[in-house]
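Undergrad: Have a look at this one.
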Protein chains: 2
Amino acid sequence: MIFRNRIAICLLLTVLAIPVAGHSQGHPNLIMTKAGVEEIRAELGRVPLFDATVENVREEVDAEIEMGIDTPIPKDFSGGYTHQRHKQNFLIAQKAGVLFQILEDEKYAIYLRDMLFQYEAMYKDLPVHPQERSYARGKLFWQCLNDSNWLVYMSQAYDSIYEWLSPEERTRLEENLFRPFADFISVENPQFFNRVHNHSTWGNAAVGMIGLVMGDDELVQRALYGLQDDGLEAGAKDNDGGLIKVAGQKVGFLANIDEPFSPDGYYTEGPYYQRYAMYPFLVFAQGLHNVKPELKIFEYKDGVLLNAVNALLNLSDADGEFFPLNDGQKGMSYHAREVVTAVEVAYHMGGRDPQLLSIAEKQGQVLLDDSGFSVALDIRDGKAQPFVKSSINLSDGADGKQGGVAVLRQGNEDLALVFKYSAQGLSHGHYDKLSFSLYEKGDEILQDYGLSRFVNIEQKGGGNYLKENTTWAKQTIAHNTITQNETSHFDGKYETGSQHHSELHFFDSSNAEIQVASAMETNAYPETEMRRTMALIKHKNFEKPYLLDIFKLSSIKENQYDLPFYFMGQVMQVNFELDSSSTLSALGERNGYQHLYVEGEGKPTSDNSKFLWMDNRRFYTLTSVTSDSDQLLFTRIGANDPEFNLRRDAALMIRRKQAKDTVFASVVEAHGSYSPVSEFAVNSNSNISELKVVYDNRYYTAVSIEDLQGSTSIFILSNTDASATKEHEIEFDDRVYHWKGPYHYSVE
Amino acid sequence: MIFRNRIAICLLLTVLAIPVAGHSQGHPNLIMTKAGVEEIRAELGRVPLFDATVENVREEVDAEIEMGIDTPIPKDFSGGYTHQRHKQNFLIAQKAGVLFQILEDEKYAIYLRDMLFQYEAMYKDLPVHPQERSYARGKLFWQCLNDSNWLVYMSQAYDSIYEWLSPEERTRLEENLFRPFADFISVENPQFFNRVHNHSTWGNAAVGMIGLVMGDDELVQRALYGLQDDGLEAGAKDNDGGLIKVAGQKVGFLANIDEPFSPDGYYTEGPYYQRYAMYPFLVFAQGLHNVKPELKIFEYKDGVLLNAVNALLNLSDADGEFFPLNDGQKGMSYHAREVVTAVEVAYHMGGRDPQLLSIAEKQGQVLLDDSGFSVALDIRDGKAQPFVKSSINLSDGADGKQGGVAVLRQGNEDLALVFKYSAQGLSHGHYDKLSFSLYEKGDEILQDYGLSRFVNIEQKGGGNYLKENTTWAKQTIAHNTITQNETSHFDGKYETGSQHHSELHFFDSSNAEIQVASAMETNAYPETEMRRTMALIKHKNFEKPYLLDIFKLSSIKENQYDLPFYFMGQVMQVNFELDSSSTLSALGERNGYQHLYVEGEGKPTSDNSKFLWMDNRRFYTLTSVTSDSDQLLFTRIGANDPEFNLRRDAALMIRRKQAKDTVFASVVEAHGSYSPVSEFAVNSNSNISELKVVYDNRYYTAVSIEDLQGSTSIFILSNTDASATKEHEIEFDDRVYHWKGPYHYSVE
């Protein structure tokens with residue numbers, strides 16, 4: 001740890017003489033303030049988490065200074081050297097800047113100045129990047145997005161040494177580097193800058209932040225409200241297939257807050273991109289708060305920026321890894337540097353929620369700025385409280401009326417279910433209405449595939465999206481939801497998908513025994529109505545809570561419905577006939593089916609088809625109500641994948657042909673365990689003796705679950721009226737059921 | 001923790017009055033001694049690890065006492081209820097016994113007595129077990145093996161309450177239960193009892209231990225030396241395909257020490273079964289030591305029982321999991337209860353090696369007997385030292401002259417390579433001469449498949465060996481070694497394999513930069529000589545040590561050679577042409593090939609074929625010298641596996657057709673890392689620019705490895721003379737190489 005004793009610090013403060021240029025407003029003013037820096041310096045050496053981070057960052061930056069500055073001529077995609085080097089440069093530059101402010105050691109300022117002038121020397125004559133894949137090529141990087149990353153970080157770096165530089169140096173940097181840089185990613189690339197998209201958020205923040213540092217209000221206004229006249233035509237698309245211009249849509253930073261965030265703080269692209277986007281949102285907002293407090297940016301749209309941090313944290317599993325909704329790379333978690341920023345700015349600028357401190361503790365590092373300092377200080381003072389994640393329903397859409405995502409949890413995150421009934425999610429959206437994934441203690445049980453991309457791994461398509469992201473990962477069949485007639489939702493058409501969203505039927509987490517979410521989708525297949533209801537139910541006869549899944553379809557014509565369950569782990573046992581061929585062929589030719597091998601074809605032999613599997617030394621059983629004519633297909637991903645871009649993961653798919661109105665009723669039990677050390681298998685069998693659809697019509701659907709101990713649970717759903725006060729009464733099996741609200745649940 | 005204060009203990013000692021029957025020799029005398037028990041009682045409450053274990057065991061046993069005793073009529077296989085219940089009974093009975101001795105609480109004695117009399121009542125009329133699969137069916141369990149487990153544990157339990165029971169009770173138990181039980185698993189099942197096999201070891205120990213408790217020397221002699229006249233015919237086989245009787249072979253406990261253990265303590269079946277067998281070896285030995293000290297059992301065969309513990313621990317990866325040589329279930333580790341016993345008896349009875357204490361610390365529990373107590377005491381007193389695993393060569397065979405297993409390690413277990421050149425390994429042996437597996441920090445990089453069995457998981461073939469163990473797991477093609485002409489070693493014939501073993505060429509771990517093992521096999525394919533040399537090499541230009549693999553074949557005819565590398569993880573990149581079909585077929589029809597799908601067919605496009613993969617967020621590259629006519633096949637396990645008994649794991653297989661004499665030269669590099677949180681890929685490329693076989697004839701084989709920094713390493717192998725003093729000189733590429741010993745290694 002740096003500065004173990006106070007004497008060393010005092011000596012240092014006394015010995016160093018810092019040349020500061022005079023300036024009317026005063027720098028730093030973005031993520032650090034003059035007052036904040038004073039406080040940090042005064043407390044240094046007495047705030048463990050902050051001090052430890054200073055020491056880590058110092059080691060990292062010193063090692064880079066030792067290596068020397070390299071600003072190579074740009075040529076590579078994401079995984080390549082020039083990309084990584086320029087990325088590393090801006091990350092280190094920002095860190096060198098805060099170190100200069102905190103430690104007042106001039107070597108950091110000199111390093112920064114020299115790096116900035118190397119960029120200044122190179123930028124004037126730099127052509128656009130030689131890689132041509134992007135709809136908005138950058139100069140330092142293959143896309144303007146990464147150039148914007150650079151400017152967001154370099155603005156902070158520049159702010160840190162602003163007063164230390166001479167006016168002549170500042171003029172040179174601003175005229176030759178920063179202003180042309182800001183113009184390039186905005187006026188010269190309106191198709192990048194003037195959108196509602198995470199790319200544009202970065203562009204807006206980059207331009208706005210350098211504007212704040214330079215005191216250039218024109219740039220700040222451009223950032224906040226976009227370009228007035230962008231010359232773009234409505235309907236054009238980017239290289240990910242996303243729409244560039246929507247007629248009449250507002251643009252700029254504020255519009256990027258308005259549009260993609262719901263009032264609950266859900267970001268329509270999903271948590272992976274929310275994580276990515278949160279950084280520019282919060283870091284620019286922090287600068288705006290400091291320089292333009294009159295804007296009250298953190299109160300904008302009822303404080304949505306701060307709500308968004310809470311929503312994001314709730315969209316993570318028990319290990320803090322984000323649910324990979326839409327295009328999301330698995331493994332990304334709240335340990336990411338962007339989330340460190342988000343949590344700490346939310347703490348510092350928001351209500352100082354002590355639960356955020358426990359996340360910061362797990363992150364194990366803080367920002368070296370005013371926010372990070374207040375977090376470290378309050379952790380030191382013992383204010384942290386556990387971050388409790390319960391069931392939560394997050395609306396989607398700017399107005400919160402475009403569907404949403406529900407997370408059901410039982411047993412303190414032991415089981416978590418993610419149920420997606422959102423809008424399309426812009427260009428990174430998947431065609432997976434009413435899909436779900438299930439987790440036990442942070443491990444995937446029934447997975448969402450995520451994206452098909454190895455981010456920044458050069459050997460895999462330059463680290464960019466692979467073509468299998470379109471042919472597989474986005475397709476409906478890649479998800480735990482219904483595909484009708486082997487065609488993806490909205491026929492896999494982005495324009496159509498973007499016009500619609502699912503509708504919440506109800507969400508009810510008020511009863512600790514049963515957490516329920518229900519939603520419907522009527523546009524994915526125009527002639528078919530889909531309703532799915534998912535419940536996590538605790539019952540004394542079951543070792544762990546179980547999942548009840550009721551998927552009801554109504555169509556005006558006969559269809560084939562495919563409902564896969566992408567399980568993780570090893571097949572243990574099935575209770576149905578299973579044929580397999582020694583030759584594997586693809587299940588279909590398009591819409592993702594071309595990537596699925598059929599490893600086994602099953603035929604139900606009873607009213608309940610059962611499938612037992614084991615993963616992570618735990619057992620799971622799927623029990624599903626099936627009829628003789630259903631097919632049970634074991635599929636495995638990997639067909640037509642010549643470059644091995646896809647994981648060889650498996651599913652059990654229930655296929656129901658020539659069906660119009662039907663109900664898929666299933667239960668997933670988590671149970672038991674196996675130890676390869678003791679070699680004991682505990683509770684390795686399902687506890688369900690019979691699952692039955694006991695009633696089903698337009699108005700009500702009822703399911704009974706009988707367990708081996710002879711207890712029967714009844715779940716009745718009102719399909720048409722979700723009002724909490726509405727009273728219902730139906731009769732079946734010689735019994736009358738009477739209840740109030742959207743569902744009835746009882747145990748006998 | 002039990003008895004937190006001393007007063008409680010004193011009170012207890014004062015209050016309880018223990019009825020003890022007089023007895024000339026005195027009980028307990030097996031794993032506990034009268035003196036040991038006195039010492040334990042005196043120190044109780046002051047030895048943390050021991051006290052914690054007492055508390056855990058007490059909770060466990062009390063819960064069972066609460067549930068009541070159940071001795072169901074036997075009917076199930078390994079995974080089923082009756083099996084698990086009887087197994088649980090003997091484990092709990094043994095624990096109740098030690099608790100009675102330590103805590104002097106009579107409820108444990110009563111529980112034990114009642115359980116034993118329930119067995120006594122049932123055993124008299126019990127027929128053999130209804131499941132018919134075993135060559136030696138038990139009564140309580142489906143095989144005599146498990147009945148023997150029962151008696152080994154129950155002997156200890158009986159010993160604990162021997163003096164507490166009345167003479168009449170003892171007589172009844174011995175006449176109706178123990179003596180008939182011991183006779184059943186020995187004289188009535190000579191095919192089980194009179195072998196050299198881990199099954200028999202359990203049988204011998206069971207009979208011997210109950211003999212020691214009963215003071216029945218006839219039983220002890222039977223245990224030590226086997227049945228004099230077993231009436232068995234030479235050549236009969238058990239249900240695993242193992243030979244039952246070998247003409248002229250000695251039998252009994254001592255023979256089971258003589259035969260399967262090499263002088264180095266390697267157990268010929270491999271570590272998984274060694275772990276299993278160590279328990280009866282050591283626990284019976286402990287009893288013999290206590291009751292028949294004149295036998296000097298721990299000095300038998302130069303102290304091989306104690307050496308064996310060291311060998312076993314060395315056959316584990318960095319996480320303590322045993323290498324799954326032959327039939328071994330992955331995940332079994334030195335945390336297993338049998339190894340707890342082995343480590344503690346070795347410590348107590350052996351040289352009190354302080355490194356064993358650190359293993360005991362990791363195990364986190366101790367035996368509640370004299371051994372466990374001395375371990376816990378010395379841990380408390382701070383005597384533990386880290387258990388250091390370095391490269392080690394373990395001979396196989398009773399005389400140490402039947403090949404062996406070499407483990408090469410670099411960087412404190414960061415990389416570990418297991419090279420198998422052993423004998424067949426009895427009935428659990430695999431046909432995998434000169435195969436290897438590679439580990440990084442306890443993770444498998446290039447795997448050994450292990451067995452095809454889900455031990456004690458009833459749903460998978462009753463928890464027993466699956467037929468795929470024979471059709472896949474034992475076959476040569478399931479391993480990282482050469483299969484010739486799609487036929488397993490020794491044509492997959494156990495009788496042939498059992499007559500032969502590979503030969504060590506040399507093992508040299510004296511140079512920290514290069515750890516080398518070399519061996520040859522001339523019998524697996526009678527007309528072909530195979531020599532494999534493996535080295536883990538540290539080189540300053542490489543981030544981590546790399547593996548050099550030189551596999552040299554010489555045959556009198558043309559053959560097809562297949563050399564697979566069963567990699568774990570995801571294909572990242574290859575440098576060769578790769579075709580794939582959208583339909584997968586099995587690679588062959590028999591000898592394991594029927595279980596392999598071909599996912600891709602490659603053709604070399606340069607002299608070095610390269611394959612990059614990623615696993616556990618780390619990168620690996622295989623570089624192999626190939627020629628135009630080689631085939632590079634990506635295979636995946638799973639064909640003809642209708643019950644999903646096999647894991648869907650992948651390999652890259654180098655296939656060389658119509659070859660007589662040839663060398664497969666390969667390097668496996670471990671390098672770099674990837675973080676899905678920072679999304680940085682570090683050092684993701686191979687550092688090798690060229691791998692070349694620069695010289696090869698009957699006498700010498702030389703390989704050069706050039707790296708991207710331009711350094712070239714030369715490795716020259718003497719194929720015929722492994723003497724350490726022999727001087728060699730050869731010339732190639734205009735240079736003369738002169739060295740002493742079996743190999744030359746230099747870096748330029």
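Identifiers for the structure tokens are assigned positionally: chains receive A, B, ... in sequence, residues are indexed from 1 per chain, and ligands are indexed from 1 in the order shown.
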Do me a favour and pick out the residues of chain A within 9 Å of chain B, using only C-alpha atoms, as a ChimeraX atom specification.

TA: /A:79,84,329-337,454-460,570-574,578-586,594-595,597,599-600,612,638-648,674-681,684-685

Undergrad: Skip B:Phe732 itself and residues of its chain fewer than 4 positions away, then list as a list of chain:residue names all residues within 10 Å of it, counting only C-alpha atoms.

TA: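 The neighbour list is B:Val694, B:Tyr695, B:Ala702, B:Val736, B:Tyr737.
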
Undergrad: Given the choices A:Asn146, A:Asn89, A:Ser452, A:Ser509, which gets closest to A:Leu466 if the distance is worked out from only C-alpha atoms?

TA: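 So, comparing all the options, the nearest one is A:Ser452.
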
Undergrad: Considering only C-alpha atoms, return as an NGL selection string whatever protein or nucleic-acid residues lie within 10 Å of A:Gln191, sequence-local ones (same chain, fewer than 4 positions apart) excluded.

TA: :A and (135-136 or 185-187 or 195 or 200 or 230-233 or 236-238 or 243-245)

Undergrad: Mind dumping the selected residues with all heavy atoms as a compact mmCIF listing (two decimals), in the first residue's frame?

TA:
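Written file, result_33.txt:
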```txt
# COMPACT_ATOMS: atom_id res chain seq x y z
N TYR A 135 -19.99 1.01 -40.59
CA TYR A 135 -20.81 2.05 -41.23
C TYR A 135 -20.29 3.42 -40.84
O TYR A 135 -20.72 4.42 -41.41
CB TYR A 135 -22.28 1.90 -40.78
CG TYR A 135 -22.53 2.36 -39.36
CD1 TYR A 135 -23.16 3.58 -39.10
CD2 TYR A 135 -22.11 1.58 -38.28
CE1 TYR A 135 -23.35 4.01 -37.79
CE2 TYR A 135 -22.30 2.01 -36.99
CZ TYR A 135 -22.92 3.23 -36.74
OH TYR A 135 -23.10 3.65 -35.45
N ALA A 136 -19.40 3.51 -39.89
CA ALA A 136 -18.85 4.79 -39.44
C ALA A 136 -17.42 4.53 -39.02
O ALA A 136 -17.14 4.30 -37.83
CB ALA A 136 -19.68 5.34 -38.28
N ILE A 185 -16.06 12.86 -35.30
CA ILE A 185 -17.04 11.85 -34.83
C ILE A 185 -18.46 12.41 -34.76
O ILE A 185 -19.39 11.69 -34.43
CB ILE A 185 -16.64 11.26 -33.45
CG1 ILE A 185 -16.55 12.35 -32.39
CG2 ILE A 185 -15.34 10.47 -33.54
CD1 ILE A 185 -16.36 11.81 -30.97
N SER A 186 -18.63 13.70 -35.06
CA SER A 186 -20.00 14.25 -35.03
C SER A 186 -20.39 14.77 -36.42
O SER A 186 -21.03 14.02 -37.18
CB SER A 186 -20.11 15.35 -33.96
OG SER A 186 -19.14 16.37 -34.17
N VAL A 187 -19.96 15.97 -36.78
CA VAL A 187 -20.41 16.52 -38.07
C VAL A 187 -19.95 15.69 -39.27
O VAL A 187 -20.67 15.57 -40.26
CB VAL A 187 -19.98 18.00 -38.25
CG1 VAL A 187 -20.78 18.89 -37.32
CG2 VAL A 187 -18.49 18.19 -38.01
N ARG A 195 -27.92 9.45 -33.58
CA ARG A 195 -28.84 8.33 -33.46
C ARG A 195 -29.25 8.16 -32.01
O ARG A 195 -28.65 8.74 -31.11
CB ARG A 195 -28.14 7.00 -33.86
CG ARG A 195 -27.65 6.93 -35.24
CD ARG A 195 -26.82 5.67 -35.41
NE ARG A 195 -27.64 4.46 -35.44
CZ ARG A 195 -27.15 3.22 -35.50
NH1 ARG A 195 -25.84 3.04 -35.52
NH2 ARG A 195 -27.94 2.18 -35.54
N SER A 200 -23.98 6.19 -30.29
CA SER A 200 -24.14 7.65 -30.28
C SER A 200 -23.95 8.22 -28.89
O SER A 200 -23.43 9.32 -28.72
CB SER A 200 -25.52 8.02 -30.81
OG SER A 200 -25.73 7.38 -32.04
N ASP A 230 -28.46 16.87 -40.12
CA ASP A 230 -27.50 15.79 -40.32
C ASP A 230 -27.49 15.26 -41.74
O ASP A 230 -26.63 14.45 -42.11
CB ASP A 230 -27.75 14.65 -39.31
CG ASP A 230 -29.17 14.10 -39.40
OD1 ASP A 230 -29.84 14.29 -40.43
OD2 ASP A 230 -29.61 13.47 -38.41
N GLY A 231 -28.44 15.67 -42.55
CA GLY A 231 -28.47 15.22 -43.95
C GLY A 231 -28.69 13.74 -44.14
O GLY A 231 -28.45 13.18 -45.20
N LEU A 232 -29.16 13.05 -43.07
CA LEU A 232 -29.36 11.59 -43.18
C LEU A 232 -30.76 11.28 -43.71
O LEU A 232 -31.70 12.02 -43.45
CB LEU A 232 -29.22 10.94 -41.81
CG LEU A 232 -27.85 11.05 -41.14
CD1 LEU A 232 -27.93 10.55 -39.71
CD2 LEU A 232 -26.82 10.25 -41.93
N GLU A 233 -30.86 10.17 -44.40
CA GLU A 233 -32.18 9.74 -44.86
C GLU A 233 -32.74 8.70 -43.89
O GLU A 233 -32.03 7.82 -43.44
CB GLU A 233 -32.07 9.11 -46.26
CG GLU A 233 -31.97 10.15 -47.34
CD GLU A 233 -31.80 9.49 -48.70
OE1 GLU A 233 -32.44 8.44 -48.92
OE2 GLU A 233 -31.03 10.01 -49.51
N ALA A 236 -31.93 4.21 -43.37
CA ALA A 236 -30.61 3.62 -43.61
C ALA A 236 -30.23 2.73 -42.43
O ALA A 236 -30.71 2.91 -41.31
CB ALA A 236 -29.59 4.74 -43.78
N LYS A 237 -29.35 1.72 -42.70
CA LYS A 237 -28.96 0.77 -41.65
C LYS A 237 -27.46 0.74 -41.43
O LYS A 237 -26.68 1.04 -42.32
CB LYS A 237 -29.40 -0.64 -42.06
CG LYS A 237 -30.88 -0.88 -41.88
CD LYS A 237 -31.14 -2.38 -41.95
CE LYS A 237 -32.59 -2.69 -42.19
NZ LYS A 237 -32.78 -4.13 -42.41
N ASP A 238 -27.05 0.35 -40.24
CA ASP A 238 -25.63 0.19 -39.95
C ASP A 238 -25.18 -1.25 -40.25
O ASP A 238 -25.98 -2.07 -40.72
CB ASP A 238 -25.32 0.58 -38.50
CG ASP A 238 -25.96 -0.38 -37.49
OD1 ASP A 238 -26.30 -1.52 -37.86
OD2 ASP A 238 -26.11 0.03 -36.33
N LEU A 243 -31.23 0.32 -37.50
CA LEU A 243 -31.71 1.52 -38.21
C LEU A 243 -30.90 2.73 -37.78
O LEU A 243 -30.65 2.94 -36.60
CB LEU A 243 -33.19 1.77 -37.87
CG LEU A 243 -34.21 0.99 -38.69
CD1 LEU A 243 -35.61 1.32 -38.16
CD2 LEU A 243 -34.10 1.33 -40.17
N ILE A 244 -30.50 3.54 -38.73
CA ILE A 244 -29.73 4.73 -38.38
C ILE A 244 -30.65 5.90 -38.09
O ILE A 244 -30.52 6.58 -37.08
CB ILE A 244 -28.74 5.06 -39.51
CG1 ILE A 244 -27.60 4.04 -39.46
CG2 ILE A 244 -28.21 6.48 -39.38
CD1 ILE A 244 -26.61 4.14 -40.57
N LYS A 245 -31.57 6.15 -38.98
CA LYS A 245 -32.42 7.32 -38.76
C LYS A 245 -33.89 6.91 -38.73
O LYS A 245 -34.39 6.23 -39.62
CB LYS A 245 -32.21 8.37 -39.84
CG LYS A 245 -33.10 9.60 -39.61
CD LYS A 245 -32.50 10.85 -40.16
CE LYS A 245 -33.35 12.06 -39.76
NZ LYS A 245 -32.65 13.32 -40.05
```

Undergrad: For B:Ile31, list every protein, DNA or RNA residue within 10 Å, evaluated using only C-alpha atoms, and leave out those in the same chain fewer than 6 positions away; present the list as a list of chain:residue names.

TA: B:Val98, B:Gln156, B:Asp159, B:Ser160, B:Leu282, B:Val283, B:Phe284, B:Ala285, B:Gln286, B:Gly287, B:Leu288, B:His289, B:Asn290, B:Val345, B:Leu367, B:Leu368, B:Asp369, B:Asp370, B:Ser371, B:Gly372

Undergrad: Excluding A:Ile65 and its own-chain neighbours fewer than 3 positions away, which residues fall within 10 Å of it when counting only C-alpha atoms? Please give them as a compact mmCIF listing (two decimals) with N, CA and C atoms, in the first residue's frame.

TA:
```
# COMPACT_ATOMS: atom_id res chain seq x y z
N GLU A 59 1.30 1.43 -9.90
CA GLU A 59 2.16 0.37 -10.47
C GLU A 59 1.90 0.17 -11.95
N GLU A 60 0.62 0.17 -12.29
CA GLU A 60 0.24 -0.06 -13.68
C GLU A 60 0.74 1.08 -14.57
N VAL A 61 0.51 2.31 -14.13
CA VAL A 61 0.90 3.46 -14.95
C VAL A 61 2.42 3.57 -15.01
N ASP A 62 3.08 3.35 -13.90
CA ASP A 62 4.54 3.42 -13.89
C ASP A 62 5.14 2.41 -14.87
N GLY A 68 7.46 3.23 -22.32
CA GLY A 68 7.47 4.30 -23.34
C GLY A 68 6.14 4.38 -24.07
N ILE A 69 5.95 5.51 -24.73
CA ILE A 69 4.68 5.79 -25.41
C ILE A 69 4.72 5.24 -26.83
N ILE A 92 -4.78 4.25 -19.82
CA ILE A 92 -3.63 4.64 -18.98
C ILE A 92 -3.56 6.16 -18.85
N ALA A 96 -3.18 8.17 -15.52
CA ALA A 96 -2.03 9.04 -15.26
C ALA A 96 -2.53 10.41 -14.80
N LYS A 107 5.77 13.70 -13.16
CA LYS A 107 6.10 12.74 -14.23
C LYS A 107 4.84 12.27 -14.95
N TYR A 108 3.72 12.24 -14.22
CA TYR A 108 2.47 11.80 -14.86
C TYR A 108 1.97 12.85 -15.84
N TYR A 111 4.23 12.67 -18.94
CA TYR A 111 3.88 11.49 -19.74
C TYR A 111 2.62 11.78 -20.57
N LEU A 112 1.65 12.34 -19.91
CA LEU A 112 0.38 12.65 -20.55
C LEU A 112 0.55 13.69 -21.66
```

Undergrad: Tell me, as a ChimeraX atom specification, which residues lie within 8 Å of stretch 349-351 of chain B, counting only C-alpha atoms; anything in the same chain fewer than 2 positions away does not count.

TA: /B:298,306,345-347,353,371

Undergrad: Using all heavy atoms, can you write the selected residues to a file as a CSV table (one decimal), in the first residue's frame?

TA:
```csv
chain,number,residue,atom,x,y,z
B,298,PHE,N,4.2,-52.5,8.8
B,298,PHE,CA,4.6,-51.3,8.1
B,298,PHE,C,6.0,-51.3,7.5
B,298,PHE,O,6.4,-50.4,6.8
B,298,PHE,CB,4.4,-50.0,9.0
B,298,PHE,CG,2.9,-49.7,9.1
B,298,PHE,CD1,2.2,-49.9,10.3
B,298,PHE,CD2,2.2,-49.2,8.0
B,298,PHE,CE1,0.9,-49.7,10.4
B,298,PHE,CE2,0.9,-48.9,8.1
B,298,PHE,CZ,0.2,-49.1,9.3
B,306,LEU,N,3.6,-47.3,3.3
B,306,LEU,CA,3.8,-45.9,3.5
B,306,LEU,C,4.2,-45.1,2.2
B,306,LEU,O,3.8,-44.0,1.9
B,306,LEU,CB,4.8,-45.7,4.7
B,306,LEU,CG,4.3,-46.3,6.0
B,306,LEU,CD1,5.4,-46.3,7.0
B,306,LEU,CD2,3.0,-45.7,6.5
B,345,VAL,N,-2.8,-42.3,8.8
B,345,VAL,CA,-2.1,-43.5,9.3
B,345,VAL,C,-0.6,-43.4,8.9
B,345,VAL,O,0.3,-43.8,9.6
B,345,VAL,CB,-2.7,-44.8,8.7
B,345,VAL,CG1,-1.9,-46.0,9.0
B,345,VAL,CG2,-4.2,-45.0,9.3
B,346,ALA,N,-0.4,-42.9,7.6
B,346,ALA,CA,1.0,-42.8,7.2
B,346,ALA,C,1.8,-41.8,8.1
B,346,ALA,O,2.9,-42.0,8.4
B,346,ALA,CB,1.1,-42.3,5.7
B,347,TYR,N,1.1,-40.8,8.5
B,347,TYR,CA,1.8,-39.8,9.4
B,347,TYR,C,2.0,-40.5,10.8
B,347,TYR,O,3.2,-40.4,11.3
B,347,TYR,CB,0.9,-38.6,9.6
B,347,TYR,CG,1.5,-37.6,10.5
B,347,TYR,CD1,2.5,-36.7,10.0
B,347,TYR,CD2,1.2,-37.4,11.8
B,347,TYR,CE1,3.2,-35.8,10.8
B,347,TYR,CE2,1.8,-36.5,12.6
B,347,TYR,CZ,2.8,-35.7,12.1
B,347,TYR,OH,3.4,-34.7,12.9
B,353,ASP,N,6.1,-37.3,8.6
B,353,ASP,CA,6.5,-36.3,7.6
B,353,ASP,C,5.6,-35.0,7.7
B,353,ASP,O,4.4,-35.1,7.5
B,353,ASP,CB,6.3,-36.9,6.2
B,353,ASP,CG,6.6,-35.9,5.1
B,353,ASP,OD1,6.9,-34.8,5.4
B,353,ASP,OD2,6.5,-36.4,3.9
B,371,SER,N,-4.5,-42.1,15.0
B,371,SER,CA,-3.8,-41.4,14.0
B,371,SER,C,-4.3,-40.0,13.8
B,371,SER,O,-3.5,-39.1,13.7
B,371,SER,CB,-4.1,-42.1,12.6
B,371,SER,OG,-3.8,-43.5,12.7
```
